[in-house]
$ cat input-v9.tsv   # TSV, C-alpha atoms
chain	number	residue	atom	x	y	z
A	1	MET	CA	-84.59	-27.14	142.09
A	2	ALA	CA	-83.06	-24.80	144.64
A	3	ALA	CA	-84.69	-21.58	145.86
A	4	GLY	CA	-84.02	-18.76	143.38
A	5	ASP	CA	-83.23	-21.12	140.46
A	6	THR	CA	-84.68	-20.25	137.06
A	7	VAL	CA	-86.25	-23.15	135.18
A	8	GLN	CA	-86.93	-23.22	131.46
A	9	LYS	CA	-89.55	-25.41	129.89
A	10	GLY	CA	-89.36	-26.19	126.17
A	11	GLN	CA	-86.78	-24.43	123.97
A	12	GLN	CA	-83.81	-23.48	126.16
A	13	TRP	CA	-82.33	-19.98	126.10
A	14	LYS	CA	-79.32	-18.03	127.26
A	15	ILE	CA	-80.75	-15.96	130.08
A	16	GLU	CA	-79.77	-13.48	132.78
A	17	PHE	CA	-76.26	-12.12	133.15
A	18	ALA	CA	-74.25	-15.33	132.73
A	19	SER	CA	-71.12	-15.05	134.89
A	20	PHE	CA	-71.02	-11.25	135.15
A	21	ALA	CA	-70.00	-10.00	138.59
A	22	TYR	CA	-68.91	-6.67	140.07
A	23	THR	CA	-68.66	-6.71	143.84
A	24	GLY	CA	-71.05	-4.37	145.62
A	25	TYR	CA	-73.40	-3.97	142.69
A	26	LEU	CA	-76.28	-5.82	141.07
A	27	PRO	CA	-76.72	-5.57	137.30
A	28	THR	CA	-79.96	-4.53	135.71
A	29	SER	CA	-78.42	-4.24	132.23
A	30	VAL	CA	-75.11	-5.44	130.73
A	31	THR	CA	-74.17	-4.81	127.12
A	32	ASN	CA	-71.05	-6.54	125.80
A	33	LYS	CA	-69.57	-5.55	122.45
A	34	LEU	CA	-66.46	-6.54	120.47
A	35	THR	CA	-65.98	-3.66	118.10
A	36	SER	CA	-63.51	-1.56	116.13
A	37	ASP	CA	-63.35	1.58	114.02
A	38	ASP	CA	-64.60	0.66	110.58
A	39	GLU	CA	-63.47	2.61	107.50
A	40	VAL	CA	-65.68	1.54	104.63
A	41	VAL	CA	-64.08	1.91	101.20
A	42	PRO	CA	-66.51	2.17	98.29
A	43	ASP	CA	-65.89	1.62	94.61
A	44	GLU	CA	-66.69	4.21	91.97
A	45	ARG	CA	-70.39	3.35	92.18
A	46	GLY	CA	-70.60	3.51	95.96
A	47	ALA	CA	-70.59	-0.22	96.56
A	48	THR	CA	-68.45	-1.42	99.42
A	49	ILE	CA	-65.22	-3.08	98.34
A	50	SER	CA	-63.35	-3.00	101.64
A	51	HIS	CA	-63.76	-2.70	105.36
A	52	ILE	CA	-60.63	-1.44	107.09
A	53	LEU	CA	-60.94	-2.29	110.76
A	54	ARG	CA	-58.77	-0.46	113.27
A	55	ASN	CA	-58.42	-0.27	117.07
A	56	PRO	CA	-60.19	-3.51	118.03
A	57	ARG	CA	-61.60	-3.32	121.51
A	58	ARG	CA	-64.20	-4.66	123.89
A	59	GLU	CA	-66.80	-2.20	125.17
A	60	ILE	CA	-69.04	-2.99	128.10
A	61	SER	CA	-71.93	-0.81	129.30
A	62	LEU	CA	-73.44	-1.51	132.68
A	63	ASP	CA	-76.43	-0.32	134.66
A	64	LEU	CA	-76.14	-1.41	138.28
A	65	LEU	CA	-78.05	-1.09	141.52
A	66	ILE	CA	-75.76	-0.09	144.39
A	67	LYS	CA	-75.79	-2.48	147.32
A	68	SER	CA	-75.21	-1.17	150.83
A	69	THR	CA	-71.63	-2.51	150.47
A	70	GLY	CA	-71.06	-0.60	147.23
A	71	SER	CA	-70.17	3.08	146.88
A	72	ILE	CA	-72.25	6.07	145.83
A	73	THR	CA	-69.06	7.73	144.57
A	74	PRO	CA	-68.65	6.80	140.90
A	75	PRO	CA	-65.22	5.77	139.61
A	76	ALA	CA	-63.21	8.51	137.93
A	77	LYS	CA	-62.84	8.61	134.18
A	78	GLY	CA	-59.54	6.90	133.45
A	79	ASP	CA	-59.72	4.54	136.45
A	80	TYR	CA	-59.19	0.83	135.85
A	81	ILE	CA	-62.17	-1.28	136.87
A	82	THR	CA	-61.97	-5.06	137.35
A	83	ILE	CA	-65.11	-7.01	136.59
A	84	THR	CA	-65.91	-10.64	135.88
A	85	THR	CA	-67.20	-10.66	132.34
A	86	PRO	CA	-70.29	-12.64	131.33
A	87	GLU	CA	-67.79	-15.12	129.85
A	88	ASN	CA	-66.44	-15.61	133.40
A	89	VAL	CA	-63.06	-13.91	132.94
A	90	SER	CA	-61.76	-11.42	135.51
A	91	THR	CA	-60.69	-8.47	133.38
A	92	LYS	CA	-59.48	-4.90	133.85
A	93	PHE	CA	-61.22	-2.20	131.85
A	94	TYR	CA	-60.63	1.51	131.35
A	95	CYS	CA	-63.46	3.61	132.75
A	96	ASP	CA	-64.68	5.81	129.92
A	97	ASP	CA	-67.72	7.17	131.76
A	98	ALA	CA	-69.33	6.69	135.17
A	99	THR	CA	-72.43	8.27	136.67
A	100	VAL	CA	-74.33	7.63	139.90
A	101	SER	CA	-78.02	8.52	139.83
A	102	PHE	CA	-80.11	9.18	142.90
A	103	SER	CA	-83.85	9.09	143.49
A	104	THR	CA	-86.18	8.19	146.32
A	105	GLY	CA	-85.41	4.56	145.49
A	106	ILE	CA	-82.22	2.59	145.02
A	107	SER	CA	-79.16	4.50	143.86
A	108	ARG	CA	-77.78	3.42	140.50
A	109	LEU	CA	-74.33	3.34	138.89
A	110	SER	CA	-73.96	3.52	135.10
A	111	LEU	CA	-70.58	2.54	133.67
A	112	SER	CA	-69.07	2.63	130.20
A	113	LEU	CA	-65.92	0.50	130.10
A	114	VAL	CA	-63.49	-0.12	127.27
A	115	ARG	CA	-60.50	-2.43	126.77
A	116	GLU	CA	-58.55	-1.78	123.60
A	117	ASP	CA	-56.47	-4.74	122.43
A	118	SER	CA	-53.53	-2.34	122.08
A	119	MET	CA	-53.87	-1.21	125.73
A	120	ALA	CA	-54.33	-4.61	127.38
A	121	ALA	CA	-50.73	-4.82	128.60
A	122	THR	CA	-50.99	-1.30	130.07
A	123	TYR	CA	-54.21	-2.04	131.89
A	124	ASP	CA	-52.94	-5.37	133.22
A	125	ALA	CA	-49.57	-4.08	134.40
B	1	MET	CA	-87.97	2.96	163.66
B	2	ALA	CA	-88.62	6.69	163.42
B	3	ALA	CA	-91.46	8.13	161.36
B	4	GLY	CA	-90.36	8.53	157.74
B	5	ASP	CA	-87.54	5.96	157.97
B	6	ALA	CA	-87.17	3.47	155.13
B	7	VAL	CA	-86.64	-0.11	156.26
B	8	GLN	CA	-85.05	-2.74	154.09
B	9	LYS	CA	-85.70	-6.43	154.46
B	10	GLY	CA	-83.20	-8.87	152.89
B	11	GLN	CA	-80.42	-7.54	150.64
B	12	GLN	CA	-79.55	-4.00	151.73
B	13	TRP	CA	-79.22	-1.14	149.19
B	14	LYS	CA	-77.96	2.41	148.96
B	15	LEU	CA	-81.14	4.48	148.94
B	16	SER	CA	-82.25	8.03	148.35
B	17	TYR	CA	-79.85	10.95	147.89
B	18	GLY	CA	-76.96	10.23	150.26
B	19	ASP	CA	-76.01	13.47	152.04
B	20	LEU	CA	-77.31	15.78	149.32
B	21	ALA	CA	-78.54	19.06	150.82
B	22	TYR	CA	-79.31	22.41	149.25
B	23	THR	CA	-81.16	24.76	151.56
B	24	GLY	CA	-84.58	25.72	150.28
B	25	TYR	CA	-84.88	22.87	147.81
B	26	MET	CA	-85.81	19.17	147.73
B	27	PRO	CA	-84.32	16.84	145.09
B	28	THR	CA	-86.44	14.68	142.81
B	29	ALA	CA	-83.53	13.44	140.68
B	30	TRP	CA	-79.76	13.85	140.97
B	31	SER	CA	-76.65	12.46	139.31
B	32	ILE	CA	-72.93	12.88	139.86
B	33	LYS	CA	-69.69	12.16	138.06
B	34	THR	CA	-66.84	12.09	140.50
B	35	GLU	CA	-64.03	12.87	138.11
B	36	ASP	CA	-64.76	13.57	134.53
B	37	SER	CA	-61.92	14.68	132.26
B	38	ASP	CA	-61.19	15.64	128.70
B	39	ASP	CA	-59.73	12.51	127.07
B	40	GLU	CA	-57.32	12.88	124.14
B	41	ILE	CA	-56.80	9.46	122.58
B	42	ILE	CA	-53.48	8.95	120.79
B	43	PRO	CA	-53.50	6.24	118.11
B	44	ASP	CA	-50.51	4.44	116.60
B	45	GLU	CA	-49.88	4.34	112.86
B	46	ARG	CA	-52.56	1.65	112.44
B	47	GLY	CA	-55.20	3.50	114.46
B	48	ALA	CA	-54.92	1.45	117.65
B	49	THR	CA	-54.99	3.36	120.93
B	50	ILE	CA	-51.61	3.69	122.60
B	51	THR	CA	-52.30	6.52	125.05
B	52	HIS	CA	-55.13	8.27	126.85
B	53	ILE	CA	-54.22	11.82	127.89
B	54	LEU	CA	-56.62	13.00	130.58
B	55	ARG	CA	-56.90	16.73	131.25
B	56	ASN	CA	-58.96	19.10	133.41
B	57	PRO	CA	-60.32	16.63	135.97
B	58	ARG	CA	-63.57	17.86	137.37
B	59	ARG	CA	-66.62	16.84	139.34
B	60	THR	CA	-70.00	17.39	137.73
B	61	MET	CA	-73.47	17.15	139.22
B	62	SER	CA	-76.90	17.76	137.82
B	63	GLY	CA	-80.45	17.29	138.90
B	64	ASP	CA	-83.94	18.54	139.47
B	65	LEU	CA	-85.25	20.08	142.67
B	66	LEU	CA	-88.63	21.17	143.99
B	67	ILE	CA	-88.54	24.73	145.31
B	68	LYS	CA	-89.67	25.10	148.91
B	69	ASP	CA	-91.37	28.30	150.03
B	70	THR	CA	-87.98	29.31	151.54
B	71	GLY	CA	-86.18	28.81	148.24
B	72	SER	CA	-86.00	31.24	145.33
B	73	ILE	CA	-87.81	31.15	141.98
B	74	THR	CA	-84.89	33.07	140.47
B	75	PRO	CA	-82.38	30.55	139.13
B	76	PRO	CA	-78.72	31.08	139.94
B	77	GLU	CA	-76.90	32.86	137.16
B	78	LYS	CA	-74.52	30.88	134.95
B	79	GLY	CA	-71.04	31.53	136.29
B	80	SER	CA	-72.22	32.12	139.84
B	81	TYR	CA	-71.58	29.75	142.74
B	82	VAL	CA	-74.01	27.81	144.92
B	83	TRP	CA	-73.29	26.44	148.38
B	84	LEU	CA	-74.34	22.81	148.35
B	85	HIS	CA	-73.55	19.48	150.04
B	86	GLY	CA	-73.19	16.75	147.44
B	87	PRO	CA	-74.41	13.21	148.10
B	88	ASP	CA	-70.91	11.94	148.93
B	89	ASP	CA	-69.21	15.18	149.98
B	90	ALA	CA	-67.50	15.29	153.38
B	91	ALA	CA	-68.69	18.90	153.73
B	92	ALA	CA	-70.65	21.49	151.80
B	93	LYS	CA	-68.74	23.54	149.27
B	94	TYR	CA	-69.18	26.02	146.47
B	95	TYR	CA	-70.05	24.64	143.06
B	96	TYR	CA	-69.88	26.61	139.82
B	97	VAL	CA	-73.23	26.96	138.04
B	98	ASP	CA	-72.81	25.71	134.49
B	99	ASP	CA	-76.53	25.82	133.72
B	100	SER	CA	-79.73	26.47	135.64
B	101	SER	CA	-83.40	27.00	134.91
B	102	VAL	CA	-86.66	27.29	136.80
B	103	ALA	CA	-89.75	25.66	135.35
B	104	PHE	CA	-93.26	26.74	136.26
B	105	SER	CA	-96.51	24.82	135.95
B	106	THR	CA	-99.79	24.49	137.80
B	107	GLY	CA	-97.87	22.35	140.31
B	108	VAL	CA	-94.69	22.77	142.30
B	109	THR	CA	-92.09	25.06	140.77
B	110	ARG	CA	-88.85	23.28	139.88
B	111	LEU	CA	-85.18	24.22	139.65
B	112	SER	CA	-82.83	22.32	137.35
B	113	LEU	CA	-79.10	22.67	137.97
B	114	SER	CA	-75.89	21.61	136.24
B	115	LEU	CA	-72.89	22.19	138.48
B	116	LEU	CA	-69.19	21.92	138.04
B	117	LEU	CA	-66.12	21.84	140.27
B	118	GLU	CA	-62.80	21.60	138.47
B	119	ASP	CA	-59.97	20.20	140.59
B	120	SER	CA	-58.00	23.30	139.62
B	121	GLN	CA	-60.67	25.54	141.16
B	122	ALA	CA	-61.29	23.87	144.50
B	123	ASP	CA	-60.63	25.34	147.96
B	124	GLY	CA	-58.53	28.33	147.05
B	125	ALA	CA	-59.36	30.16	150.29
B	126	GLU	CA	-61.90	30.26	153.12
B	127	TRP	CA	-63.13	32.47	155.94
B	128	ASP	CA	-61.74	31.49	159.32
B	129	SER	CA	-65.28	31.21	160.63
B	130	THR	CA	-68.16	30.49	158.32
B	131	GLU	CA	-71.81	29.58	158.23
B	132	ASN	CA	-73.04	28.00	155.00
B	133	GLY	CA	-69.84	29.13	153.25
B	134	GLN	CA	-70.34	32.78	154.04
B	135	ALA	CA	-68.88	35.06	156.66
B	136	THR	CA	-72.04	36.25	158.36
B	137	GLY	CA	-73.13	38.08	161.41
B	138	GLN	CA	-71.34	41.23	160.30
B	139	ASN	CA	-73.31	44.36	161.11
B	140	PHE	CA	-72.75	47.88	159.88
B	141	ASP	CA	-74.12	50.20	162.56
B	142	LEU	CA	-75.32	53.55	161.23
B	143	THR	CA	-75.10	55.04	164.72
B	144	THR	CA	-71.44	54.11	165.24
B	145	PRO	CA	-70.02	53.23	161.82
B	146	ALA	CA	-66.92	51.05	161.89
B	147	ASP	CA	-64.83	49.01	159.48
B	148	ILE	CA	-65.98	45.41	158.85
B	149	THR	CA	-63.18	42.89	159.27
B	150	ASP	CA	-62.90	39.14	158.95
B	151	ASP	CA	-59.97	36.73	158.65
B	152	ILE	CA	-59.26	34.70	155.52
B	153	THR	CA	-57.08	31.59	155.30
B	154	LEU	CA	-55.38	31.17	151.94
B	155	ASN	CA	-55.09	27.52	150.92
B	156	SER	CA	-53.94	27.03	147.33
B	157	ALA	CA	-54.76	30.65	146.48
B	158	THR	CA	-52.06	33.28	146.84
B	159	ALA	CA	-53.89	36.56	146.25
B	160	ILE	CA	-57.21	38.34	145.95
B	161	VAL	CA	-57.78	39.29	142.32
B	162	ARG	CA	-61.17	41.02	142.54
B	163	VAL	CA	-63.84	42.00	145.04
B	164	VAL	CA	-67.37	42.47	143.70
B	165	ASP	CA	-70.65	43.32	145.39
B	166	GLY	CA	-74.02	41.74	144.71
B	167	ALA	CA	-74.84	44.39	142.08
B	168	GLY	CA	-71.68	43.57	140.15
B	169	THR	CA	-69.81	46.70	141.24
B	170	VAL	CA	-66.07	46.11	141.49
B	171	LEU	CA	-64.66	47.41	144.76
B	172	VAL	CA	-61.41	49.36	144.75
B	173	GLU	CA	-58.49	47.96	146.69
B	174	ASP	CA	-57.09	50.23	149.42
B	175	THR	CA	-60.14	52.45	149.06
B	176	ASP	CA	-63.21	50.26	149.55
B	177	TYR	CA	-61.34	47.28	151.02
B	178	SER	CA	-57.92	46.06	152.05
B	179	PHE	CA	-56.33	42.69	152.73
B	180	SER	CA	-53.30	42.42	154.93
B	181	GLY	CA	-51.90	39.82	157.28
B	182	GLY	CA	-54.85	37.52	156.59
B	183	THR	CA	-57.40	40.15	157.59
B	184	PHE	CA	-59.96	41.38	155.09
B	185	THR	CA	-61.30	44.87	155.85
B	186	LEU	CA	-64.21	46.80	154.34
B	187	GLY	CA	-63.69	50.49	155.08
B	188	LYS	CA	-66.54	52.31	156.80
B	189	ASP	CA	-66.34	55.51	154.76
B	190	GLU	CA	-66.42	54.32	151.15
B	191	TRP	CA	-68.38	51.39	149.67
B	192	LEU	CA	-70.02	50.51	153.00
B	193	ALA	CA	-71.25	54.05	153.60
B	194	THR	CA	-72.68	54.46	150.11
B	195	THR	CA	-74.25	51.01	149.91
B	196	LEU	CA	-75.85	50.56	153.32
B	197	ASP	CA	-77.76	53.60	154.56
B	198	GLU	CA	-80.96	52.16	155.96
B	199	ALA	CA	-81.41	49.75	158.86
B	200	GLY	CA	-82.50	46.30	157.73
B	201	GLU	CA	-80.70	46.41	154.39
B	202	THR	CA	-78.18	43.70	153.58
B	203	ALA	CA	-75.33	43.61	151.10
B	204	THR	CA	-73.11	40.77	149.89
B	205	VAL	CA	-69.49	41.04	148.81
B	206	TRP	CA	-67.75	38.31	146.81
B	207	VAL	CA	-63.99	37.93	147.17
B	208	HIS	CA	-62.31	36.28	144.15
B	209	PHE	CA	-58.88	34.65	144.29
B	210	ASP	CA	-56.24	33.62	141.76
B	211	VAL	CA	-57.07	29.97	142.51
B	212	GLY	CA	-60.31	28.36	143.61
B	213	ALA	CA	-63.89	29.45	144.13
B	214	PRO	CA	-64.78	32.87	145.50
B	215	ILE	CA	-66.07	33.35	149.06
B	216	SER	CA	-68.71	35.76	150.26
B	217	ILE	CA	-69.56	37.94	153.23
B	218	VAL	CA	-73.02	39.28	154.10
B	219	ILE	CA	-73.31	42.61	155.93
B	220	THR	CA	-76.50	43.69	157.64
B	221	CYS	CA	-77.22	47.35	158.24
B	222	ILE	CA	-78.47	48.19	161.73
B	223	GLU	CA	-79.10	51.36	163.75
B	224	SER	CA	-78.37	50.94	167.41
$ encode --input "input-v9.tsv" --output "C-alpha cells"
Amino acid sequence: MAAGDTVQKGQQWKIEFASFAYTGYLPTSVTNKLTSDDEVVPDERGATISHILRNPRREISLDLLIKSTGSITPPAKGDYITITTPENVSTKFYCDDATVSFSTGISRLSLSLVREDSMAATYDA
Amino acid sequence: MAAGDAVQKGQQWKLSYGDLAYTGYMPTAWSIKTEDSDDEIIPDERGATITHILRNPRRTMSGDLLIKDTGSITPPEKGSYVWLHGPDDAAAKYYYVDDSSVAFSTGVTRLSLSLLLEDSQADGAEWDSTENGQATGQNFDLTTPADITDDITLNSATAIVRVVDGAGTVLVEDTDYSFSGGTFTLGKDEWLATTLDEAGETATVWVHFDVGAPISIVITCIES
C-alpha cells in the first residue's frame, strides 16, 4: 500500500472522484448528470402515458479548491472548458456559470458545465 | 516570515482575497464572476440546442465587509459608483452599485455589496491625474476665487452628457461648467460661488459620459 492510498475493508465501494481532473484545481464536489428536457404527457385521468425527451445533454457541477497554479479569475460564461470526466474522457464543455469565492482560507471555484449532444461538434471544432 | 503572513507547507493554494481592496472596509466573504452574460438558447425543431446567443457581457462581484471606523455606515445608493480594486483587477476602477445594505448588531457593523461592470460601460473617460479615481487637490479660495480646471482623456466616450453635484443638482453647461480641448472647467462665479462659501467645506461633482462610468472631482473650500 503506497502513501496516500485508500484501502477498503469488507464490501467495496466506488469512492472519491474516479478519474476526474482539471489542471490547477482540486475537487471537493463533482456532480455528473445525463439529462434532458422531459415533457410528461398525461392521459385524461392524469396518469403518465408518455415521456417526450428533448435536448439530451451532460451537465457537470464542480466545486474546486484553487491551487497556486490555478487562476482566481473565473472562466467567462460561454467559454469552453476541457476537463477529464470521472469516466476518464477528456471532454470540452460549455461554461454555463462560474464563480470564484474568497475567504480567509483557500479560494474556491464553482463551475456549472453543460455539453448538449446537439452542440458536441461545435464545442469540439 | 513577516508577522501576519500565512505559510503553506506542501501543496500550495490560492488564499485569502487576492488584491481586493476597498478603503474603509475589510472583507469577510467575496465572490466574482468574470464575464456573465444573458444567454438566449435557440433550439431546433426537436428542442435540441443549436445556438447560444450571449449578450451584455458583464463582470459581477458581491460580498460582505466589516466597516472600519474610517468607513461609512451609510450604504452606497443603488445606481451610484464605488471605487474598488477587485481581487484580480490590474487596477482599481469604478463599479456600479446594483445593491447595497448595512446591517447593525451588537457587534461590528457590516456592509453587503452587489456590484456590476458591464463591458459596454467600462473606461469611457478618465482624469489625466487621479487619486482613488477622483481628481483631487482642487481648492476654491474664497480670498482669490478662480476657475477650477482639470484635464480629461476620452477613451471610448465621445461626449459629456451630464454633470451633477453631490446633492443631485444638474450643472448647466457653459454657465456652471465647460469642456473644451480636453479641459474641464468649473466657473468661479456660478455653481462654485453658490455652493462653497465657507472654508473647510467640500463639494463633489460627477461628470457623466455617453459611454462608460462617470468620474468625479472633489473641491475643497479654503480662505488664504
$ interface_residues --input "input-v9.tsv" --of "chain A" --to "chain B" --cutoff "12 Å" --atoms "all atoms listed in the file" --output "ChimeraX atom specification"
/A:24-26,36-39,52-57,64-79,94-111,114-123
$ write_last_selection --input "input-v9.tsv" --atoms "C-alpha atoms" --output "tab-separated table (two decimals), in the frame of the given file"
chain	number	residue	atom	x	y	z
A	24	GLY	CA	-71.05	-4.37	145.62
A	25	TYR	CA	-73.40	-3.97	142.69
A	26	LEU	CA	-76.28	-5.82	141.07
A	36	SER	CA	-63.51	-1.56	116.13
A	37	ASP	CA	-63.35	1.58	114.02
A	38	ASP	CA	-64.60	0.66	110.58
A	39	GLU	CA	-63.47	2.61	107.50
A	52	ILE	CA	-60.63	-1.44	107.09
A	53	LEU	CA	-60.94	-2.29	110.76
A	54	ARG	CA	-58.77	-0.46	113.27
A	55	ASN	CA	-58.42	-0.27	117.07
A	56	PRO	CA	-60.19	-3.51	118.03
A	57	ARG	CA	-61.60	-3.32	121.51
A	64	LEU	CA	-76.14	-1.41	138.28
A	65	LEU	CA	-78.05	-1.09	141.52
A	66	ILE	CA	-75.76	-0.09	144.39
A	67	LYS	CA	-75.79	-2.48	147.32
A	68	SER	CA	-75.21	-1.17	150.83
A	69	THR	CA	-71.63	-2.51	150.47
A	70	GLY	CA	-71.06	-0.60	147.23
A	71	SER	CA	-70.17	3.08	146.88
A	72	ILE	CA	-72.25	6.07	145.83
A	73	THR	CA	-69.06	7.73	144.57
A	74	PRO	CA	-68.65	6.80	140.90
A	75	PRO	CA	-65.22	5.77	139.61
A	76	ALA	CA	-63.21	8.51	137.93
A	77	LYS	CA	-62.84	8.61	134.18
A	78	GLY	CA	-59.54	6.90	133.45
A	79	ASP	CA	-59.72	4.54	136.45
A	94	TYR	CA	-60.63	1.51	131.35
A	95	CYS	CA	-63.46	3.61	132.75
A	96	ASP	CA	-64.68	5.81	129.92
A	97	ASP	CA	-67.72	7.17	131.76
A	98	ALA	CA	-69.33	6.69	135.17
A	99	THR	CA	-72.43	8.27	136.67
A	100	VAL	CA	-74.33	7.63	139.90
A	101	SER	CA	-78.02	8.52	139.83
A	102	PHE	CA	-80.11	9.18	142.90
A	103	SER	CA	-83.85	9.09	143.49
A	104	THR	CA	-86.18	8.19	146.32
A	105	GLY	CA	-85.41	4.56	145.49
A	106	ILE	CA	-82.22	2.59	145.02
A	107	SER	CA	-79.16	4.50	143.86
A	108	ARG	CA	-77.78	3.42	140.50
A	109	LEU	CA	-74.33	3.34	138.89
A	110	SER	CA	-73.96	3.52	135.10
A	111	LEU	CA	-70.58	2.54	133.67
A	114	VAL	CA	-63.49	-0.12	127.27
A	115	ARG	CA	-60.50	-2.43	126.77
A	116	GLU	CA	-58.55	-1.78	123.60
A	117	ASP	CA	-56.47	-4.74	122.43
A	118	SER	CA	-53.53	-2.34	122.08
A	119	MET	CA	-53.87	-1.21	125.73
A	120	ALA	CA	-54.33	-4.61	127.38
A	121	ALA	CA	-50.73	-4.82	128.60
A	122	THR	CA	-50.99	-1.30	130.07
A	123	TYR	CA	-54.21	-2.04	131.89
$ residues_near_point --input "input-v9.tsv" --point "(-74.1, 0.3, 131.0)" --cutoff "7 Å" --atoms "only C-alpha atoms" --output "compact mmCIF listing (two decimals) with C-alpha atoms, in the coordinates of the input"
# COMPACT_ATOMS: atom_id res chain seq x y z
CA SER A 29 -78.42 -4.24 132.23
CA VAL A 30 -75.11 -5.44 130.73
CA THR A 31 -74.17 -4.81 127.12
CA ILE A 60 -69.04 -2.99 128.10
CA SER A 61 -71.93 -0.81 129.30
CA LEU A 62 -73.44 -1.51 132.68
CA ASP A 63 -76.43 -0.32 134.66
CA SER A 110 -73.96 3.52 135.10
CA LEU A 111 -70.58 2.54 133.67
CA SER A 112 -69.07 2.63 130.20
$ residues_near_point --input "input-v9.tsv" --point "(-54.4, 22.8, 144.0)" --cutoff "12 Å" --atoms "all atoms listed in the file" --output "NGL selection string"
:B and (57 or 118-125 or 154-158 or 210-213)
$ closest_atom_pairs --input "input-v9.tsv" --of "region 34-95 of chain B" --to "region 104-113 of chain B" --cutoff "12 Å" --atoms "only C-alpha atoms" --output "Markdown table"
| residue | atom | partner | partner_atom | distance |
| --- | --- | --- | --- | --- |
| B:Thr60 | CA | B:Leu113 | CA | 10.5 |
| B:Met61 | CA | B:Leu113 | CA | 8.0 |
| B:Ser62 | CA | B:Leu113 | CA | 5.4 |
| B:Gly63 | CA | B:Leu113 | CA | 5.6 |
| B:Asp64 | CA | B:Ser112 | CA | 4.5 |
| B:Leu65 | CA | B:Leu111 | CA | 5.1 |
| B:Leu66 | CA | B:Arg110 | CA | 4.6 |
| B:Ile67 | CA | B:Arg110 | CA | 5.6 |
| B:Lys68 | CA | B:Thr109 | CA | 8.5 |
| B:Asp69 | CA | B:Thr109 | CA | 9.8 |
| B:Gly71 | CA | B:Leu111 | CA | 9.8 |
| B:Ser72 | CA | B:Leu111 | CA | 9.1 |
| B:Ile73 | CA | B:Thr109 | CA | 7.5 |
| B:Thr74 | CA | B:Leu111 | CA | 8.9 |
| B:Pro75 | CA | B:Leu111 | CA | 6.9 |
| B:Pro76 | CA | B:Leu113 | CA | 8.6 |
| B:Glu77 | CA | B:Leu113 | CA | 10.5 |
| B:Lys78 | CA | B:Leu113 | CA | 9.9 |
| B:Ser80 | CA | B:Leu113 | CA | 11.8 |
| B:Tyr81 | CA | B:Leu113 | CA | 11.4 |
| B:Val82 | CA | B:Leu113 | CA | 10.0 |
| B:Leu84 | CA | B:Leu113 | CA | 11.4 |
| B:Tyr95 | CA | B:Leu113 | CA | 10.6 |
$ write_last_selection --input "input-v9.tsv" --atoms "C-alpha atoms" --output "mmCIF file, in the coordinates of the input"
data_model
loop_
_atom_site.group_PDB
_atom_site.id
_atom_site.type_symbol
_atom_site.label_atom_id
_atom_site.label_comp_id
_atom_site.auth_asym_id
_atom_site.auth_seq_id
_atom_site.Cartn_x
_atom_site.Cartn_y
_atom_site.Cartn_z
ATOM 1 C CA THR B 60 -70.000 17.390 137.730
ATOM 2 C CA MET B 61 -73.470 17.150 139.220
ATOM 3 C CA SER B 62 -76.900 17.760 137.820
ATOM 4 C CA GLY B 63 -80.450 17.290 138.900
ATOM 5 C CA ASP B 64 -83.940 18.540 139.470
ATOM 6 C CA LEU B 65 -85.250 20.080 142.670
ATOM 7 C CA LEU B 66 -88.630 21.170 143.990
ATOM 8 C CA ILE B 67 -88.540 24.730 145.310
ATOM 9 C CA LYS B 68 -89.670 25.100 148.910
ATOM 10 C CA ASP B 69 -91.370 28.300 150.030
ATOM 11 C CA GLY B 71 -86.180 28.810 148.240
ATOM 12 C CA SER B 72 -86.000 31.240 145.330
ATOM 13 C CA ILE B 73 -87.810 31.150 141.980
ATOM 14 C CA THR B 74 -84.890 33.070 140.470
ATOM 15 C CA PRO B 75 -82.380 30.550 139.130
ATOM 16 C CA PRO B 76 -78.720 31.080 139.940
ATOM 17 C CA GLU B 77 -76.900 32.860 137.160
ATOM 18 C CA LYS B 78 -74.520 30.880 134.950
ATOM 19 C CA SER B 80 -72.220 32.120 139.840
ATOM 20 C CA TYR B 81 -71.580 29.750 142.740
ATOM 21 C CA VAL B 82 -74.010 27.810 144.920
ATOM 22 C CA LEU B 84 -74.340 22.810 148.350
ATOM 23 C CA TYR B 95 -70.050 24.640 143.060
#
$ atom_distance --input "input-v9.tsv" --atom1 "CA of Arg162 (chain B)" --atom2 "CA of Thr220 (chain B)"
21.7 Å
$ atom_distance --input "input-v9.tsv" --atom1 "CA of Ala21 (chain A)" --atom2 "CA of Gln8 (chain B)"
22.8 Å
